[in-house]
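coords_31.csv, holding CSV, C-alpha atoms and all ligand atoms:
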```
chain,number,residue,atom,x,y,z
A,1,MET,CA,-0.3,22.9,36.0
A,2,LYS,CA,-3.9,21.9,35.5
A,3,ILE,CA,-6.5,24.6,34.8
A,4,THR,CA,-10.2,23.9,34.2
A,5,GLN,CA,-13.3,26.1,34.0
A,6,LYS,CA,-15.6,25.6,36.9
A,7,PHE,CA,-18.3,28.2,36.2
A,8,ASN,CA,-18.5,31.2,33.9
A,9,GLY,CA,-15.4,33.2,34.9
A,10,VAL,CA,-14.3,30.8,37.6
A,11,TYR,CA,-11.4,28.4,37.2
A,12,GLU,CA,-9.9,25.6,39.1
A,13,ILE,CA,-6.1,25.6,39.3
A,14,ASP,CA,-4.4,22.7,41.1
A,15,GLY,CA,-7.3,22.4,43.6
A,16,ASN,CA,-7.7,26.2,44.1
A,17,VAL,CA,-10.4,28.4,42.7
A,18,ALA,CA,-9.4,31.5,40.8
A,19,THR,CA,-10.7,34.3,38.6
A,20,GLU,CA,-9.0,36.0,35.7
A,21,ASN,CA,-7.6,39.3,36.8
A,22,LEU,CA,-9.4,42.3,35.3
A,23,ASN,CA,-6.6,44.5,36.5
A,24,LYS,CA,-3.4,42.8,35.4
A,25,GLY,CA,-0.5,42.9,37.9
A,26,ILE,CA,-2.6,44.3,40.7
A,27,LYS,CA,-3.5,42.4,43.9
A,28,VAL,CA,-6.5,43.3,46.0
A,29,TYR,CA,-5.9,41.6,49.3
A,30,GLY,CA,-2.5,39.9,49.0
A,31,GLU,CA,-3.8,37.0,47.0
A,32,ARG,CA,-1.5,34.9,44.8
A,33,LEU,CA,-1.3,35.8,41.1
A,34,MET,CA,-0.6,33.1,38.5
A,35,GLU,CA,0.3,33.5,34.8
A,36,ILE,CA,-1.0,30.7,32.6
A,37,GLU,CA,-0.9,30.8,28.8
A,38,GLY,CA,-0.8,34.6,28.7
A,39,LYS,CA,-3.6,35.1,31.1
A,40,GLU,CA,-3.3,36.2,34.7
A,41,TYR,CA,-5.4,34.6,37.4
A,42,ARG,CA,-6.0,35.6,41.0
A,43,ILE,CA,-6.2,32.7,43.5
A,44,TRP,CA,-9.5,33.1,45.4
A,45,ASP,CA,-8.9,32.5,49.1
A,46,PRO,CA,-11.8,30.5,50.8
A,47,ARG,CA,-10.7,31.8,54.2
A,48,ARG,CA,-11.1,35.4,53.1
A,49,SER,CA,-14.2,34.9,50.9
A,50,LYS,CA,-17.3,32.9,51.7
A,51,LEU,CA,-18.2,32.6,48.1
A,52,ALA,CA,-15.0,30.8,47.3
A,53,ALA,CA,-15.6,28.6,50.4
A,54,ALA,CA,-19.1,27.7,49.0
A,55,ILE,CA,-17.6,26.9,45.6
A,56,LEU,CA,-15.0,24.6,47.1
A,57,ASN,CA,-17.7,23.0,49.2
A,58,GLY,CA,-19.8,22.1,46.1
A,59,LEU,CA,-22.0,25.1,45.3
A,60,GLU,CA,-24.0,24.2,42.1
A,61,THR,CA,-26.0,27.3,41.4
A,62,PHE,CA,-23.7,30.1,40.1
A,63,PRO,CA,-25.8,33.0,38.9
A,64,PHE,CA,-23.0,35.5,38.0
A,65,LYS,CA,-22.6,36.0,34.3
A,66,GLU,CA,-20.2,38.2,32.3
A,67,ASP,CA,-22.8,41.0,32.2
A,68,SER,CA,-24.7,40.5,35.5
A,69,LYS,CA,-26.0,43.4,37.6
A,70,VAL,CA,-25.3,42.5,41.2
A,71,LEU,CA,-26.4,44.2,44.5
A,72,TYR,CA,-23.8,43.3,47.1
A,73,LEU,CA,-24.7,43.9,50.7
A,74,GLY,CA,-21.9,44.2,53.2
A,75,ALA,CA,-19.1,44.8,50.7
A,76,SER,CA,-16.5,45.7,53.3
A,77,ALA,CA,-13.1,46.5,51.7
A,78,GLY,CA,-14.0,44.6,48.6
A,79,THR,CA,-12.4,41.2,48.8
A,80,THR,CA,-15.3,39.1,47.4
A,81,PRO,CA,-16.6,42.0,45.3
A,82,SER,CA,-13.2,42.1,43.5
A,83,HIS,CA,-13.6,38.5,42.4
A,84,ILE,CA,-17.2,39.2,41.2
A,85,SER,CA,-15.8,42.2,39.4
A,86,ASP,CA,-13.4,39.8,37.5
A,87,ILE,CA,-16.3,37.5,36.7
A,88,SER,CA,-19.0,40.0,35.8
A,89,LYS,CA,-16.5,42.2,34.0
A,90,LYS,CA,-19.1,43.7,31.7
A,91,GLY,CA,-21.7,44.0,34.4
A,92,LEU,CA,-22.1,46.3,37.5
A,93,ILE,CA,-21.7,45.4,41.1
A,94,TYR,CA,-23.5,47.9,43.4
A,95,CYS,CA,-21.6,47.6,46.7
A,96,VAL,CA,-23.5,48.7,49.9
A,97,GLU,CA,-21.3,49.2,53.0
A,98,PHE,CA,-22.1,51.3,56.1
A,99,SER,CA,-18.7,51.5,57.6
A,100,PRO,CA,-16.9,54.7,56.5
A,101,ARG,CA,-13.5,53.1,57.2
A,102,MET,CA,-14.3,50.1,54.9
A,103,MET,CA,-15.9,52.4,52.4
A,104,ARG,CA,-12.7,54.4,51.9
A,105,LYS,CA,-10.9,51.2,50.9
A,106,LEU,CA,-13.8,50.2,48.7
A,107,ALA,CA,-13.8,53.6,47.0
A,108,ASP,CA,-10.1,53.2,46.2
A,109,LEU,CA,-10.7,49.8,44.7
A,110,SER,CA,-13.6,51.1,42.6
A,111,ARG,CA,-11.3,53.7,41.0
A,112,GLU,CA,-9.2,50.7,39.7
A,113,ARG,CA,-12.3,48.6,38.8
A,114,LYS,CA,-14.9,50.6,37.0
A,115,ASN,CA,-17.7,47.9,37.4
A,116,LEU,CA,-17.7,48.4,41.2
A,117,ILE,CA,-20.1,51.1,42.4
A,118,PRO,CA,-19.6,51.9,46.0
A,119,ILE,CA,-22.7,53.0,48.0
A,120,LEU,CA,-22.1,54.2,51.6
A,121,ASP,CA,-25.5,53.3,53.2
A,122,ASN,CA,-27.3,51.0,55.5
A,123,ALA,CA,-28.6,47.8,53.9
A,124,THR,CA,-31.5,47.8,56.4
A,125,LYS,CA,-32.9,50.9,54.6
A,126,PRO,CA,-32.9,49.7,51.0
A,127,LYS,CA,-35.1,52.5,49.8
A,128,ASN,CA,-32.3,54.9,50.6
A,129,TYR,CA,-30.4,53.8,47.4
A,130,MET,CA,-33.4,53.5,45.2
A,131,ASN,CA,-32.2,56.4,42.9
A,132,LEU,CA,-28.8,54.7,42.4
A,133,LEU,CA,-29.8,51.3,40.9
A,134,GLN,CA,-32.5,49.4,39.1
A,135,LYS,CA,-33.5,45.8,39.4
A,136,VAL,CA,-30.6,43.3,39.5
A,137,ASP,CA,-29.9,39.7,38.5
A,138,VAL,CA,-28.2,38.7,41.7
A,139,ILE,CA,-28.3,39.9,45.3
A,140,TYR,CA,-25.5,38.8,47.5
A,141,SER,CA,-25.6,39.4,51.2
A,142,ASP,CA,-22.9,39.0,53.8
A,143,VAL,CA,-23.4,41.4,56.7
A,144,ALA,CA,-23.0,39.2,59.8
A,145,GLN,CA,-25.7,40.9,61.8
A,146,PRO,CA,-28.7,39.6,63.9
A,147,ASN,CA,-31.1,40.9,61.2
A,148,GLN,CA,-29.2,39.4,58.3
A,149,SER,CA,-32.2,37.4,56.8
A,150,GLU,CA,-34.6,40.3,57.2
A,151,LEU,CA,-32.5,42.9,55.4
A,152,PHE,CA,-31.7,40.4,52.7
A,153,MET,CA,-35.4,39.7,52.1
A,154,ASP,CA,-36.2,43.4,52.1
A,155,ASN,CA,-33.6,44.1,49.4
A,156,MET,CA,-34.7,41.0,47.3
A,157,ARG,CA,-38.3,42.3,47.3
A,158,LEU,CA,-37.2,45.7,46.1
A,159,TYR,CA,-34.4,45.0,43.8
A,160,SER,CA,-34.5,41.4,42.4
A,161,LYS,CA,-35.6,40.8,38.8
A,162,LYS,CA,-38.4,38.3,38.5
A,163,ASP,CA,-35.9,35.4,37.7
A,164,GLY,CA,-33.2,36.9,40.0
A,165,ILE,CA,-31.2,34.8,42.4
A,166,GLY,CA,-30.2,35.7,46.0
A,167,ILE,CA,-27.2,34.4,47.9
A,168,LEU,CA,-27.4,34.8,51.7
A,169,MET,CA,-24.4,34.1,53.9
A,170,ILE,CA,-25.7,33.3,57.3
A,171,LYS,CA,-23.4,33.6,60.3
A,172,ALA,CA,-25.2,31.7,63.1
A,173,ARG,CA,-23.2,33.3,65.9
A,174,SER,CA,-24.3,36.8,64.8
A,175,ILE,CA,-27.9,35.8,65.4
A,176,ASP,CA,-27.5,34.0,68.7
A,177,VAL,CA,-24.3,32.8,70.3
A,178,THR,CA,-26.1,30.6,72.8
A,179,LYS,CA,-28.1,28.6,70.3
A,180,ALA,CA,-26.9,25.6,68.3
A,181,PRO,CA,-26.0,26.8,64.7
A,182,ASN,CA,-28.1,24.0,63.1
A,183,LYS,CA,-31.2,25.2,64.9
A,184,ILE,CA,-30.5,28.8,63.7
A,185,PHE,CA,-30.1,27.6,60.1
A,186,LYS,CA,-33.5,25.8,60.3
A,187,GLU,CA,-35.1,28.9,61.8
A,188,GLU,CA,-33.7,31.2,59.2
A,189,GLU,CA,-34.7,28.8,56.4
A,190,SER,CA,-38.3,28.6,57.6
A,191,LYS,CA,-38.3,32.5,57.8
A,192,LEU,CA,-37.3,32.6,54.2
A,193,LYS,CA,-40.0,30.1,53.2
A,194,THR,CA,-42.7,31.8,55.2
A,195,HIS,CA,-41.9,35.0,53.4
A,196,GLY,CA,-42.3,33.6,49.9
A,197,PHE,CA,-38.7,32.6,49.1
A,198,ARG,CA,-37.8,29.3,47.5
A,199,VAL,CA,-34.5,27.8,48.8
A,200,ILE,CA,-32.6,26.3,45.9
A,201,GLU,CA,-29.5,25.2,47.6
A,202,LYS,CA,-27.7,25.2,51.0
A,203,VAL,CA,-24.0,24.9,51.5
A,204,LYS,CA,-22.1,24.8,54.8
A,205,LEU,CA,-18.8,26.7,54.8
A,206,GLU,CA,-16.7,24.6,57.1
A,207,PRO,CA,-13.7,24.1,57.4
A,208,TYR,CA,-13.1,27.6,55.9
A,209,GLU,CA,-15.8,29.4,58.1
A,210,LYS,CA,-17.2,28.0,61.3
A,211,ASP,CA,-21.0,28.0,61.8
A,212,HIS,CA,-21.8,29.6,58.5
A,213,MET,CA,-24.3,28.5,55.8
A,214,ALA,CA,-24.8,29.8,52.3
A,215,PHE,CA,-28.5,29.9,51.2
A,216,VAL,CA,-29.2,30.3,47.5
A,217,CYS,CA,-32.8,31.3,46.9
A,218,GLU,CA,-35.3,33.1,44.7
A,219,PHE,CA,-38.3,35.2,45.6
A,220,SER,CA,-41.7,34.1,44.3
A,221,PHE,CA,-43.2,37.3,43.0
A,301,LIG,C1,-18.4,39.8,57.0
A,301,LIG,S1,-18.0,41.4,56.5
A,301,LIG,C2,-18.2,41.3,54.7
A,301,LIG,C3,-17.0,40.7,54.0
A,301,LIG,C4,-17.2,40.8,52.5
A,301,LIG,N1,-18.6,40.4,52.1
A,301,LIG,C5,-16.2,40.0,51.7
A,301,LIG,O1,-16.5,38.8,51.5
A,301,LIG,O2,-15.3,40.6,51.2
A,301,LIG,C6,-19.5,42.2,56.9
A,301,LIG,C7,-19.6,43.7,56.4
A,301,LIG,O3,-21.0,44.1,56.4
A,301,LIG,C8,-21.0,45.4,56.8
A,301,LIG,N2,-22.4,45.7,57.3
A,301,LIG,C9,-23.0,45.1,58.4
A,301,LIG,N3,-24.2,45.6,58.5
A,301,LIG,C10,-24.5,46.4,57.5
A,301,LIG,C11,-25.6,47.2,57.1
A,301,LIG,N4,-26.7,47.1,57.8
A,301,LIG,N5,-25.5,47.9,56.0
A,301,LIG,C12,-24.3,47.9,55.3
A,301,LIG,N6,-23.2,47.2,55.6
A,301,LIG,C13,-23.3,46.5,56.7
A,301,LIG,C14,-19.9,45.5,57.9
A,301,LIG,O4,-19.5,46.9,58.1
A,301,LIG,C15,-18.8,44.6,57.3
A,301,LIG,O5,-17.9,45.4,56.5
```
What's the structure tokens form of this structure?
Amino acid sequence: MKITQKFNGVYEIDGNVATENLNKGIKVYGERLMEIEGKEYRIWDPRRSKLAAAILNGLETFPFKEDSKVLYLGASAGTTPSHISDISKKGLIYCVEFSPRMMRKLADLSRERKNLIPILDNATKPKNYMNLLQKVDVIYSDVAQPNQSELFMDNMRLYSKKDGIGILMIKARSIDVTKAPNKIFKEEESKLKTHGFRVIEKVKLEPYEKDHMAFVCEFSF
């Protein structure tokens, strides 16, 4: 079995991406666990996590470090946050989610993973959680809503460190089902640029996710 390090905390095992399990023996979403040379890895499913899909599709900018502080918008039950929790094991991942049903699962997960901080709130109102966090190194947004770019930009302006990186997962169909996805990606990109964001990298997520694009960017303060 061939294992190589892809990024800090991210490994390639026989064509799969994986992270080292922070919580040995415990699965989060039914993912495969693999023991290699005394370490346990969780295979990161690109059909369940857009970040894994972006990595497999050639993402080059990977801002998550061992001690990163991350603001995660649209954390759901914690599938992708759990892998970031493996990577940024000495950091903190502030997970904003507005669905109480998802939040219950996320709260359970955060009891097992102390670097996940669940926040039941609406990411369109970033000032609501101002007393819970300070500036962060990375903002990751995956909300699948019509206003996905706007809420991402509002959170970046408020919470990104000067050299902070933002990753915005755009789901074209959530913005307009009748428009061609490529047209939507262009419009969202120009929105970001008009509002002072520099787009560092763009990665399409097919075949894992249809009509999705990952935008990696930074805000020019
Ligand atoms: C596509 S799912 C996220 C999947 C998750 N990022 C992962 O990879 O494990 C989108 C989530 O965003 C949440 N969401 C949508 N709009 C939101 C908002 N304004 N504030 C907070 N959460 C929101 C939804 O409830 C849903 O759980």
Q. Which of these, A:Tyr208, A:Phe221, A:Phe185, A:Phe98, has the shortest distance to ligand LIG 301 (chain A) once you count all atoms listed in the file?
A. A:Phe98
Q: Could you give me, as JSON, numbers by chain, the residues within 7 Å of Asn115 (chain A), counting only C-alpha atoms and dropping anything in the same chain fewer than 5 positions from it?
A: {"A": [85, 89, 91, 92, 93]}
Env of Arg101 (chain A): 12 Å cut, atoms = only C-alpha atoms, seq-sep filter 6 positions within chain, self excluded. Answer as an mmCIF file with C-alpha atoms, keeping the file's coordinate frame.
```cif
data_model
loop_
_atom_site.group_PDB
_atom_site.id
_atom_site.type_symbol
_atom_site.label_atom_id
_atom_site.label_comp_id
_atom_site.auth_asym_id
_atom_site.auth_seq_id
_atom_site.Cartn_x
_atom_site.Cartn_y
_atom_site.Cartn_z
ATOM 1 C CA ALA A 75 -19.100 44.800 50.700
ATOM 2 C CA SER A 76 -16.500 45.700 53.300
ATOM 3 C CA ALA A 77 -13.100 46.500 51.700
ATOM 4 C CA ALA A 107 -13.800 53.600 47.000
ATOM 5 C CA ASP A 108 -10.100 53.200 46.200
ATOM 6 C CA LEU A 120 -22.100 54.200 51.600
#
```
Q | Residue neighbourhood Glu31 (chain A), 7 Å, only C-alpha atoms, exclusion window fewer than 3 positions, as an MDAnalysis selection string | A | chainID A and resid 27:28 42:43
What are the closest atom pairs, with distances in Å to one decimal, for each residue of chain A lying within 6 Å of ligand LIG 301 (chain A), using only C-alpha atoms and all ligand atoms, rows by chain and rising residue number, as a Markdown table?
```
| residue | atom | partner | partner_atom | distance |
| --- | --- | --- | --- | --- |
| A:Ser49 | CA | A:LIG301 | O1 | 4.6 |
| A:Lys50 | CA | A:LIG301 | O1 | 6.0 |
| A:Gly74 | CA | A:LIG301 | O3 | 3.3 |
| A:Ala75 | CA | A:LIG301 | N1 | 4.6 |
| A:Ser76 | CA | A:LIG301 | O5 | 3.5 |
| A:Gly78 | CA | A:LIG301 | O2 | 4.9 |
| A:Thr79 | CA | A:LIG301 | O2 | 3.8 |
| A:Thr80 | CA | A:LIG301 | O2 | 4.1 |
| A:Val96 | CA | A:LIG301 | C12 | 5.5 |
| A:Glu97 | CA | A:LIG301 | N6 | 3.8 |
| A:Phe98 | CA | A:LIG301 | C12 | 4.1 |
| A:Ser99 | CA | A:LIG301 | O4 | 4.7 |
| A:Asp121 | CA | A:LIG301 | C12 | 5.9 |
| A:Asn122 | CA | A:LIG301 | N5 | 3.6 |
| A:Ala123 | CA | A:LIG301 | N5 | 3.7 |
| A:Thr124 | CA | A:LIG301 | N4 | 5.0 |
| A:Asp142 | CA | A:LIG301 | N1 | 4.8 |
| A:Val143 | CA | A:LIG301 | O3 | 3.6 |
| A:Ala144 | CA | A:LIG301 | C1 | 5.4 |
| A:Gln145 | CA | A:LIG301 | N3 | 5.9 |
```
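Reported to one decimal place, the separation of CA of Lys6 (chain A) from CA of Pro46 (chain A) is 15.2 Å.
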Q: Give the answer as one residue: which of A:Lys114, A:Lys127, A:Arg173, A:Lys183 has the shortest atom-to-atom distance to Arg157 (chain A), using all atoms listed in the file?
A: A:Lys127
(Q) When you count all atoms listed in the file, which of these residues is closest to Met34 (chain A): A:Leu132, A:Leu151, A:Ile3, A:Ile200? (A)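 Going through A:Leu132, A:Leu151, A:Ile3, A:Ile200 one by one, the smallest distance to Met34 (chain A) is for A:Ile3.
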Q.
Please compute the CA of Leu59 (chain A)-CA of Phe215 (chain A) distance, one decimal, in Å.
A. 10.0 Å
Q) Between CA of Ile84 (chain A) and CA of Asn147 (chain A), what is the distance, to one decimal in Å? A)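 Value for the CA of Ile84 (chain A)-CA of Asn147 (chain A) distance: 24.4 Å.
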Q: Check the smallest atom-to-atom distance from each of A:Val70, A:Ala54, A:Leu33, A:Met130 to Met213 (chain A) using all atoms listed in the file, then report the winner.
A: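 Checking each of A:Val70, A:Ala54, A:Leu33, A:Met130 against Met213 (chain A), counting all atoms listed in the file, the winner is A:Ala54.
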(Q) From the options A:Asn16, A:Asn155, A:Thr4, A:Asn57, which residue's atoms come nearest to Pro126 (chain A), counting all atoms listed in the file? (A) A:Asn155
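Of the residues under consideration (A:Ser88, A:Gln148, A:Ser141, A:Asn21), A:Ser141 shows the shortest atom-to-atom contact distance to Tyr72 (chain A) when counting only C-alpha atoms.
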Q | Shell around Ile167 (chain A) at 9 Å using only C-alpha atoms, local window under 6 positions removed, as a ChimeraX atom specification | A | /A:138-142,152,214-218
